[in-house]
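Engineer: The structure is given below, and queries will be raised subsequently.
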Amino acid sequence: MSLSQQIFRDTPSRFFAVLTWRYGKLYIDALDKIESIQRHRHGVGLTRSELIEVCEDIINEGIEHIELPEDLDDEQSRITAPEMIRQMLQSEWLEEPKRSDYQRVYYLDSRAELLLECLRRMAYPEQVTFTDKLHLVCSRIMDKEAFEKHPLADLEACTDNLRYGLQELRSIQQGMARLTQRQLRSDSIKENLQVLYDDFSENIGQRAYKSLIDLDIPVRLPMAREQLAQIQTNPTVIAKMELELQKRRPELNEDEVEVRVQNALHDAARLLDSVEPQAEAVDRRAADFARRSFARFRYLQEVSSGRRAEVRELFELINEKYAECKINALPEDLDLPGLKIPAVSLLSGIDSLFSPRVVRAKGEQAPLQDLYEDDDSFYALEEMSDNINSSLTTLRANRFYHELNVTSDGLKSKDIPTDVEQWLLNTIGLLLHSDTLESEYDITTPRDAITHDILPEPDQVEDMLLDQFTIHPKAR
């Protein structure tokens, strides 16, 4: 079965459609905040009011950054918090388990937590590392005694370590590419120094790239590749691998075992041949990063030094014209050349550079309005009917029937005691399950008699009117 079939077998397509909708960014931020709140609650879910508050905050903060089609008007383009919650429930990002106390508590689906974790790893990549996976592979392959007892297990371990090692090399290359782009976008020497010494030198150069150089791949790989070629042509080792595979998979015949062993050897050789080109790509990327860093430093130094010269020229002119004059005593109309720097706060015409703090009145928090729509009303009615059907069971109706102590003459509706807890719901349960096979009673009404053209007046029970009916023990 393919990957897509495995994913969509139990996961609805609407689950992924939420991320591709025009409000996908808002949904991701809302789900991330919901998962963060739920993680610190130790299994306690979120109420509807809390969900409304979370969605309202996300909408107010991020709706301005959403690009919407021009043909949408303001009413269609404005998403509401109840609509977000309803979409997350229908797409099964949120689940709402049925509770005996009828409280609405929501939990994030387990598949949603897994997908959010993948999205976080894409947004915040892990720190680039380079472990000793490739070193273990070279040491194991060149050890002549390693493939004697369990050669197939050793080969599979080497293949897994090769995959991890190649993945680490690709992560180093991608990390250098990201740092190169950050450095080209920076406009100050401070940012460039931070990228070079804090991010590259500390996180990549001293840890990952130094370990890669210490491994000495150009020398070790040819020796490991030659030893692997000898293992591929060694009939004793291949026979041990086939015997080990037959013990694991007894359903395979001899031809299938031979093919699988050869495929495992070819995969290991192919991965081993891919290490050196990938390491060379990392070296080229490191050299490119160093060349771009030096070029960027020279450019920024030339630009910033020109600005320093302009500022120095300005102050020299001021010293010549207004010698021994305090800065607050300078005249308002200064005969100075036009400045070519972005901003100068010193010569702004005020006596002091201190700006008093602005005192603002404390605002009042507006109450949260839970907006209900027609879809919410239909959803609530359907949920109420499901709750009633699931709570008023036949077992509950029989239990209430035994509490009434009905005699053989029957019990009329006007005589039903109202001092019993939840007597009205229990009465509804009696009427619902009177015709089922599991019920221990029968109910007769004037409607059953065809001769009655005019039905009698309903019985007055407290402040309610009940159509007349009589409860009888079921004949056994």
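Here, A, B, ... name the chains of the structure tokens in the order displayed, residue numbers run from 1 inside each chain, and ligands are numbered from 1 in the same displayed order.
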Using only C-alpha atoms, determine which residues lie at most 10 Å from range 137-148 of chain A, disregarding the query and same-chain residues fewer than 3 positions distant; provide the list as a compact mmCIF listing (two decimals) with all heavy atoms, in the first residue's frame.

Structural biologist:
# COMPACT_ATOMS: atom_id res chain seq x y z
N ASP A 132 29.25 10.60 14.88
CA ASP A 132 30.26 9.65 14.41
C ASP A 132 29.66 8.48 13.64
O ASP A 132 30.20 7.38 13.65
CB ASP A 132 31.07 9.12 15.60
CG ASP A 132 30.17 8.51 16.67
OD1 ASP A 132 28.93 8.66 16.55
OD2 ASP A 132 30.69 7.90 17.61
N LYS A 133 28.52 8.70 12.97
CA LYS A 133 27.89 7.62 12.22
C LYS A 133 28.81 7.11 11.10
O LYS A 133 29.01 5.90 10.94
CB LYS A 133 26.57 8.11 11.64
CG LYS A 133 25.56 8.61 12.65
CD LYS A 133 25.06 7.51 13.54
CE LYS A 133 23.95 8.05 14.47
NZ LYS A 133 23.48 7.01 15.41
N LEU A 134 29.35 8.02 10.31
CA LEU A 134 30.22 7.60 9.21
C LEU A 134 31.51 6.99 9.73
O LEU A 134 32.06 6.08 9.10
CB LEU A 134 30.52 8.81 8.31
CG LEU A 134 29.31 9.42 7.59
CD1 LEU A 134 29.74 10.61 6.75
CD2 LEU A 134 28.61 8.39 6.73
N PRO A 151 26.67 -11.32 9.97
CA PRO A 151 27.04 -10.39 8.88
C PRO A 151 25.87 -9.57 8.37
O PRO A 151 26.04 -8.39 8.04
CB PRO A 151 27.59 -11.33 7.79
CG PRO A 151 26.97 -12.65 8.07
CD PRO A 151 26.82 -12.73 9.56
N LEU A 152 24.66 -10.14 8.30
CA LEU A 152 23.52 -9.39 7.79
C LEU A 152 23.13 -8.26 8.74
O LEU A 152 22.83 -7.14 8.31
CB LEU A 152 22.33 -10.33 7.56
CG LEU A 152 21.10 -9.69 6.91
CD1 LEU A 152 21.44 -9.12 5.55
CD2 LEU A 152 19.96 -10.70 6.80
N ALA A 153 23.14 -8.54 10.04
CA ALA A 153 22.83 -7.49 11.02
C ALA A 153 23.86 -6.37 10.98
O ALA A 153 23.53 -5.18 11.07
CB ALA A 153 22.73 -8.09 12.42
N ASP A 154 25.14 -6.76 10.82
CA ASP A 154 26.18 -5.73 10.72
C ASP A 154 26.01 -4.89 9.46
O ASP A 154 26.20 -3.66 9.49
CB ASP A 154 27.56 -6.40 10.71
CG ASP A 154 27.88 -7.06 12.04
OD1 ASP A 154 27.25 -6.67 13.04
OD2 ASP A 154 28.73 -7.96 12.07
N LEU A 155 25.64 -5.54 8.35
CA LEU A 155 25.43 -4.80 7.11
C LEU A 155 24.25 -3.83 7.23
O LEU A 155 24.32 -2.68 6.77
CB LEU A 155 25.20 -5.77 5.96
CG LEU A 155 24.99 -5.14 4.57
CD1 LEU A 155 26.26 -4.44 4.13
CD2 LEU A 155 24.58 -6.20 3.56
N ALA A 157 23.14 -2.46 9.99
CA ALA A 157 23.56 -1.36 10.87
C ALA A 157 24.40 -0.34 10.11
O ALA A 157 24.24 0.87 10.28
CB ALA A 157 24.32 -1.92 12.07
N CYS A 158 25.30 -0.83 9.25
CA CYS A 158 26.12 0.08 8.44
C CYS A 158 25.25 0.89 7.48
O CYS A 158 25.48 2.09 7.27
CB CYS A 158 27.17 -0.71 7.67
SG CYS A 158 28.47 -1.42 8.70
N THR A 159 24.24 0.25 6.88
CA THR A 159 23.36 0.95 5.95
C THR A 159 22.58 2.06 6.66
O THR A 159 22.45 3.18 6.15
CB THR A 159 22.39 -0.04 5.29
OG1 THR A 159 23.15 -1.07 4.65
CG2 THR A 159 21.53 0.65 4.25
N ASP A 160 22.05 1.75 7.85
CA ASP A 160 21.32 2.77 8.61
C ASP A 160 22.24 3.94 8.99
O ASP A 160 21.85 5.12 8.89
CB ASP A 160 20.70 2.15 9.86
CG ASP A 160 19.60 1.17 9.52
OD1 ASP A 160 19.04 1.25 8.41
OD2 ASP A 160 19.31 0.28 10.36
N ASN A 161 23.46 3.63 9.43
CA ASN A 161 24.38 4.69 9.80
C ASN A 161 24.78 5.54 8.60
O ASN A 161 24.99 6.75 8.71
CB ASN A 161 25.62 4.10 10.46
CG ASN A 161 25.35 3.58 11.86
OD1 ASN A 161 24.48 4.10 12.56
ND2 ASN A 161 26.08 2.57 12.28
N LEU A 162 24.89 4.89 7.43
CA LEU A 162 25.19 5.66 6.22
C LEU A 162 24.07 6.63 5.89
O LEU A 162 24.32 7.78 5.49
CB LEU A 162 25.43 4.71 5.05
CG LEU A 162 26.80 4.02 5.00
CD1 LEU A 162 26.82 2.94 3.92
CD2 LEU A 162 27.90 5.04 4.73
N GLY A 165 24.29 9.48 8.33
CA GLY A 165 25.43 10.32 8.05
C GLY A 165 25.21 11.22 6.85
O GLY A 165 25.56 12.41 6.87
N LEU A 215 37.30 13.53 10.42
CA LEU A 215 37.00 12.17 9.95
C LEU A 215 37.93 11.74 8.82
O LEU A 215 38.17 10.55 8.64
CB LEU A 215 35.53 12.11 9.48
CG LEU A 215 35.02 10.76 8.98
CD1 LEU A 215 35.10 9.71 10.08
CD2 LEU A 215 33.58 10.87 8.48
N ILE A 217 37.64 11.88 5.41
CA ILE A 217 36.88 11.03 4.48
C ILE A 217 37.68 10.66 3.22
O ILE A 217 37.64 9.51 2.79
CB ILE A 217 35.56 11.73 4.12
CG1 ILE A 217 34.59 11.62 5.30
CG2 ILE A 217 34.92 11.12 2.87
CD1 ILE A 217 33.26 12.26 5.06
N ARG A 220 39.82 7.55 4.26
CA ARG A 220 39.16 6.38 4.84
C ARG A 220 38.17 5.74 3.88
O ARG A 220 38.01 4.52 3.87
CB ARG A 220 38.44 6.78 6.14
CG ARG A 220 39.37 7.33 7.20
CD ARG A 220 38.58 7.88 8.38
NE ARG A 220 37.85 6.83 9.06
CZ ARG A 220 38.31 6.12 10.08
NH1 ARG A 220 39.54 6.35 10.53
NH2 ARG A 220 37.58 5.20 10.66
N LEU A 221 37.47 6.53 3.07
CA LEU A 221 36.43 5.96 2.21
C LEU A 221 36.96 4.99 1.17
O LEU A 221 36.36 3.92 0.96
CB LEU A 221 35.64 7.09 1.54
CG LEU A 221 34.50 7.70 2.36
CD1 LEU A 221 33.78 8.75 1.55
CD2 LEU A 221 33.52 6.64 2.81
N PRO A 222 38.03 5.28 0.44
CA PRO A 222 38.51 4.27 -0.52
C PRO A 222 38.87 2.93 0.12
O PRO A 222 38.61 1.87 -0.46
CB PRO A 222 39.75 4.95 -1.14
CG PRO A 222 39.52 6.41 -0.95
CD PRO A 222 38.80 6.53 0.35
N MET A 223 39.43 2.98 1.33
CA MET A 223 39.77 1.73 2.02
C MET A 223 38.50 0.97 2.41
O MET A 223 38.42 -0.26 2.24
CB MET A 223 40.61 2.04 3.25
CG MET A 223 41.92 2.76 2.94
SD MET A 223 42.79 3.34 4.42
CE MET A 223 43.05 1.80 5.28
N ALA A 224 37.49 1.70 2.90
CA ALA A 224 36.23 1.04 3.26
C ALA A 224 35.52 0.49 2.03
O ALA A 224 34.93 -0.61 2.07
CB ALA A 224 35.33 2.02 4.01
N ARG A 225 35.58 1.23 0.93
CA ARG A 225 34.93 0.76 -0.31
C ARG A 225 35.62 -0.50 -0.84
O ARG A 225 34.94 -1.42 -1.32
CB ARG A 225 34.98 1.87 -1.36
CG ARG A 225 34.21 1.54 -2.63
CD ARG A 225 32.73 1.43 -2.34
NE ARG A 225 31.95 1.09 -3.50
CZ ARG A 225 31.73 -0.16 -3.93
NH1 ARG A 225 32.23 -1.19 -3.25
NH2 ARG A 225 31.00 -0.39 -4.98
N GLU A 226 36.92 -0.57 -0.75
CA GLU A 226 37.64 -1.76 -1.20
C GLU A 226 37.30 -2.97 -0.33
O GLU A 226 37.11 -4.08 -0.84
CB GLU A 226 39.15 -1.47 -1.16
CG GLU A 226 39.99 -2.62 -1.68
CD GLU A 226 41.47 -2.29 -1.63
OE1 GLU A 226 41.80 -1.14 -1.27
OE2 GLU A 226 42.28 -3.18 -1.94
N GLN A 227 37.20 -2.75 0.98
CA GLN A 227 36.84 -3.86 1.88
C GLN A 227 35.42 -4.33 1.63
O GLN A 227 35.13 -5.53 1.68
CB GLN A 227 37.01 -3.40 3.33
CG GLN A 227 36.76 -4.50 4.36
CD GLN A 227 37.76 -5.63 4.26
OE1 GLN A 227 38.90 -5.42 3.83
NE2 GLN A 227 37.34 -6.83 4.65
N LEU A 228 34.50 -3.41 1.34
CA LEU A 228 33.12 -3.81 1.04
C LEU A 228 33.05 -4.61 -0.25
O LEU A 228 32.24 -5.55 -0.37
CB LEU A 228 32.24 -2.57 0.96
CG LEU A 228 30.74 -2.81 0.72
CD1 LEU A 228 30.14 -3.64 1.85
CD2 LEU A 228 29.98 -1.49 0.58
N ILE A 231 33.87 -8.08 0.58
CA ILE A 231 32.74 -8.76 1.24
C ILE A 231 31.70 -9.20 0.22
O ILE A 231 31.12 -10.29 0.33
CB ILE A 231 32.13 -7.82 2.30
CG1 ILE A 231 33.13 -7.56 3.43
CG2 ILE A 231 30.84 -8.40 2.86
CD1 ILE A 231 32.67 -6.53 4.44
N THR A 236 31.55 -17.17 1.60
CA THR A 236 31.26 -17.59 2.98
C THR A 236 30.39 -16.56 3.69
O THR A 236 29.40 -16.90 4.36
CB THR A 236 32.58 -17.80 3.74
OG1 THR A 236 33.39 -18.74 3.04
CG2 THR A 236 32.29 -18.32 5.14
N VAL A 237 30.74 -15.28 3.56
CA VAL A 237 29.97 -14.22 4.21
C VAL A 237 28.57 -14.13 3.61
O VAL A 237 27.56 -13.98 4.33
CB VAL A 237 30.71 -12.88 4.09
CG1 VAL A 237 29.86 -11.75 4.67
CG2 VAL A 237 32.04 -12.94 4.80
N ILE A 238 28.47 -14.27 2.28
CA ILE A 238 27.15 -14.20 1.63
C ILE A 238 26.28 -15.37 2.07
O ILE A 238 25.07 -15.22 2.30
CB ILE A 238 27.33 -14.16 0.11
CG1 ILE A 238 28.01 -12.85 -0.30
CG2 ILE A 238 25.98 -14.29 -0.60
CD1 ILE A 238 28.28 -12.73 -1.77
N LYS A 240 26.41 -16.91 4.95
CA LYS A 240 25.95 -16.62 6.32
C LYS A 240 24.81 -15.60 6.31
O LYS A 240 23.86 -15.72 7.10
CB LYS A 240 27.11 -16.09 7.15
CG LYS A 240 28.16 -17.14 7.49
CD LYS A 240 29.25 -16.55 8.36
CE LYS A 240 30.29 -17.59 8.75
NZ LYS A 240 31.37 -17.02 9.60
N MET A 241 24.90 -14.61 5.41
CA MET A 241 23.81 -13.63 5.31
C MET A 241 22.52 -14.29 4.85
O MET A 241 21.43 -14.00 5.39
CB MET A 241 24.21 -12.52 4.33
CG MET A 241 25.29 -11.59 4.83
SD MET A 241 25.62 -10.25 3.65
CE MET A 241 26.92 -9.36 4.49
N LEU A 272 27.64 4.28 0.29
CA LEU A 272 29.03 4.58 0.60
C LEU A 272 29.67 5.42 -0.50
O LEU A 272 30.49 6.31 -0.22
CB LEU A 272 29.80 3.27 0.79
CG LEU A 272 31.19 3.37 1.44
CD1 LEU A 272 31.07 3.94 2.84
CD2 LEU A 272 31.85 2.00 1.49

Engineer: Any idea what's packed within 9 Å of range 62-67 of chain A, counting only C-alpha atoms, ignoring anything in its chain fewer than 2 positions away? Could you give it as number ranges by chain?

Structural biologist: A: 22-23, 25-26, 29, 57-60, 69, 78-79

Engineer: Could you find all residues in range 65-293 of chain A that DSSP calls strand (DSSP E or B) from the backbone, and write them as a PDB file with all heavy atoms, in the first residue's frame?

Structural biologist:
ATOM      1  N   LEU A  94      -9.885  18.908  16.144  1.00  0.00           N
ATOM      2  CA  LEU A  94     -10.322  18.897  17.537  1.00  0.00           C
ATOM      3  C   LEU A  94     -11.322  17.774  17.725  1.00  0.00           C
ATOM      4  O   LEU A  94     -12.081  17.433  16.815  1.00  0.00           O
ATOM      5  CB  LEU A  94     -10.964  20.229  17.931  1.00  0.00           C
ATOM      6  CG  LEU A  94     -10.074  21.469  18.006  1.00  0.00           C
ATOM      7  CD1 LEU A  94     -10.905  22.682  18.342  1.00  0.00           C
ATOM      8  CD2 LEU A  94      -8.968  21.286  19.023  1.00  0.00           C
ATOM      9  N   GLU A  95     -11.334  17.207  18.899  1.00  0.00           N
ATOM     10  CA  GLU A  95     -12.326  16.194  19.245  1.00  0.00           C
ATOM     11  C   GLU A  95     -13.050  16.620  20.515  1.00  0.00           C
ATOM     12  O   GLU A  95     -12.462  17.237  21.411  1.00  0.00           O
ATOM     13  CB  GLU A  95     -11.669  14.831  19.427  1.00  0.00           C
ATOM     14  CG  GLU A  95     -10.577  14.784  20.468  1.00  0.00           C
ATOM     15  CD  GLU A  95      -9.956  13.402  20.576  1.00  0.00           C
ATOM     16  OE1 GLU A  95     -10.326  12.528  19.765  1.00  0.00           O
ATOM     17  OE2 GLU A  95      -9.112  13.200  21.473  1.00  0.00           O
ATOM     18  N   VAL A 105     -16.022  20.083  26.408  1.00  0.00           N
ATOM     19  CA  VAL A 105     -14.584  20.154  26.602  1.00  0.00           C
ATOM     20  C   VAL A 105     -13.923  19.610  25.345  1.00  0.00           C
ATOM     21  O   VAL A 105     -14.334  18.584  24.805  1.00  0.00           O
ATOM     22  CB  VAL A 105     -14.135  19.354  27.842  1.00  0.00           C
ATOM     23  CG1 VAL A 105     -12.622  19.456  28.023  1.00  0.00           C
ATOM     24  CG2 VAL A 105     -14.843  19.872  29.083  1.00  0.00           C
ATOM     25  N   TYR A 106     -12.893  20.292  24.862  1.00  0.00           N
ATOM     26  CA  TYR A 106     -12.268  19.970  23.586  1.00  0.00           C
ATOM     27  C   TYR A 106     -10.820  19.552  23.808  1.00  0.00           C
ATOM     28  O   TYR A 106     -10.127  20.072  24.699  1.00  0.00           O
ATOM     29  CB  TYR A 106     -12.305  21.171  22.641  1.00  0.00           C
ATOM     30  CG  TYR A 106     -13.704  21.682  22.365  1.00  0.00           C
ATOM     31  CD1 TYR A 106     -14.295  22.616  23.219  1.00  0.00           C
ATOM     32  CD2 TYR A 106     -14.432  21.236  21.281  1.00  0.00           C
ATOM     33  CE1 TYR A 106     -15.574  23.089  22.987  1.00  0.00           C
ATOM     34  CE2 TYR A 106     -15.707  21.712  21.032  1.00  0.00           C
ATOM     35  CZ  TYR A 106     -16.276  22.635  21.891  1.00  0.00           C
ATOM     36  OH  TYR A 106     -17.534  23.097  21.651  1.00  0.00           O
ATOM     37  N   TYR A 107     -10.381  18.599  22.980  1.00  0.00           N
ATOM     38  CA  TYR A 107      -9.003  18.120  23.011  1.00  0.00           C
ATOM     39  C   TYR A 107      -8.446  18.136  21.589  1.00  0.00           C
ATOM     40  O   TYR A 107      -9.188  17.947  20.618  1.00  0.00           O
ATOM     41  CB  TYR A 107      -8.916  16.696  23.570  1.00  0.00           C
ATOM     42  CG  TYR A 107      -9.326  16.576  25.011  1.00  0.00           C
ATOM     43  CD1 TYR A 107     -10.666  16.336  25.354  1.00  0.00           C
ATOM     44  CD2 TYR A 107      -8.410  16.692  26.038  1.00  0.00           C
ATOM     45  CE1 TYR A 107     -11.058  16.227  26.678  1.00  0.00           C
ATOM     46  CE2 TYR A 107      -8.786  16.576  27.369  1.00  0.00           C
ATOM     47  CZ  TYR A 107     -10.110  16.351  27.675  1.00  0.00           C
ATOM     48  OH  TYR A 107     -10.484  16.242  28.982  1.00  0.00           O
ATOM     49  N   LEU A 108      -7.151  18.347  21.478  1.00  0.00           N
ATOM     50  CA  LEU A 108      -6.485  18.295  20.188  1.00  0.00           C
ATOM     51  C   LEU A 108      -6.261  16.842  19.795  1.00  0.00           C
ATOM     52  O   LEU A 108      -5.833  16.025  20.613  1.00  0.00           O
ATOM     53  CB  LEU A 108      -5.150  19.042  20.257  1.00  0.00           C
ATOM     54  CG  LEU A 108      -4.537  19.471  18.928  1.00  0.00           C
ATOM     55  CD1 LEU A 108      -5.440  20.488  18.237  1.00  0.00           C
ATOM     56  CD2 LEU A 108      -3.163  20.064  19.136  1.00  0.00           C
TER      57      LEU A 108
END

Engineer: Looking at only C-alpha atoms, which of A:Ala286, A:Ile28, A:Pro82, A:Ser49 is the one that sits closest to Tyr379 in chain A?

Structural biologist: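 Nearest to Tyr379 in chain A: A:Pro82.
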
Engineer: Per DSSP on the backbone, what are the alpha helix (DSSP H) residues of range 211-259 of chain A, as a PyMOL selection string?

Structural biologist: chain A and resi 211-215+217-232+235-248+254-259

Engineer: Counting only C-alpha atoms, what is within 12 Å of Trp423 in chain A, bar same-chain residues fewer than 6 positions away, as a list in words?

Structural biologist: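 Listed by chain and then number, they are Arg396, Ala397, Phe400, Tyr401, Glu403, Leu404, Ser413, Ile416, Pro417, Gly429, Leu430, Val461 and Glu462 of chain A.
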
Engineer: Quick one: of A:Ala81, A:Val44, A:Val257, A:Cys118, who's nearest to Glu56 in chain A, counting only C-alpha atoms?

Structural biologist: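 Closest to Glu56 in chain A of all the choices is A:Ala81.
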
Engineer: For Leu392 in chain A, please output as number ranges by chain all residues within 8 Å (counting only C-alpha atoms; exclusion window: fewer than 2 positions along the same chain).

Structural biologist: A: 388-390, 394, 396-397, 425-426, 428-429

Engineer: With C-alpha atoms retained, export the selected residues as an mmCIF file, in the first residue's frame.

Structural biologist:
data_model
loop_
_atom_site.group_PDB
_atom_site.id
_atom_site.type_symbol
_atom_site.label_atom_id
_atom_site.label_comp_id
_atom_site.auth_asym_id
_atom_site.auth_seq_id
_atom_site.Cartn_x
_atom_site.Cartn_y
_atom_site.Cartn_z
ATOM 1 C CA ILE A 388 -30.969 12.438 24.817
ATOM 2 C CA ASN A 389 -31.002 9.220 22.803
ATOM 3 C CA SER A 390 -27.766 8.045 24.409
ATOM 4 C CA THR A 394 -34.008 1.010 28.171
ATOM 5 C CA ARG A 396 -32.947 3.507 32.827
ATOM 6 C CA ALA A 397 -36.620 3.181 31.832
ATOM 7 C CA LEU A 425 -36.771 12.701 31.771
ATOM 8 C CA ASN A 426 -37.532 9.285 33.230
ATOM 9 C CA ILE A 428 -39.926 10.423 28.516
ATOM 10 C CA GLY A 429 -37.708 7.343 28.680
#

Engineer: Find the residue from A:Glu313, A:Asp442, A:Glu324, A:Asp374 that sits nearest to Leu336 in chain A; use only C-alpha atoms when measuring.

Structural biologist: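 That would be A:Glu313, the residue with the smallest distance to Leu336 in chain A.
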
Engineer: Tell me, in Å to one decimal, how far CA of Ser391 in chain A is from CA of Ile443 in chain A.

Structural biologist: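 Taking CA of Ser391 in chain A and CA of Ile443 in chain A, their separation equals 20.7 Å.
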
Engineer: What separation in Å, quoted to one decimal, exists between CA of Glu254 in chain A and CA of Leu271 in chain A?

Structural biologist: 26.1 Å

Engineer: Point out the residue among A:Glu113, A:Glu61, A:Asp216, A:Glu156 with the least atom-to-atom distance to Leu265 in chain A, counting only C-alpha atoms.

Structural biologist: A:Glu156
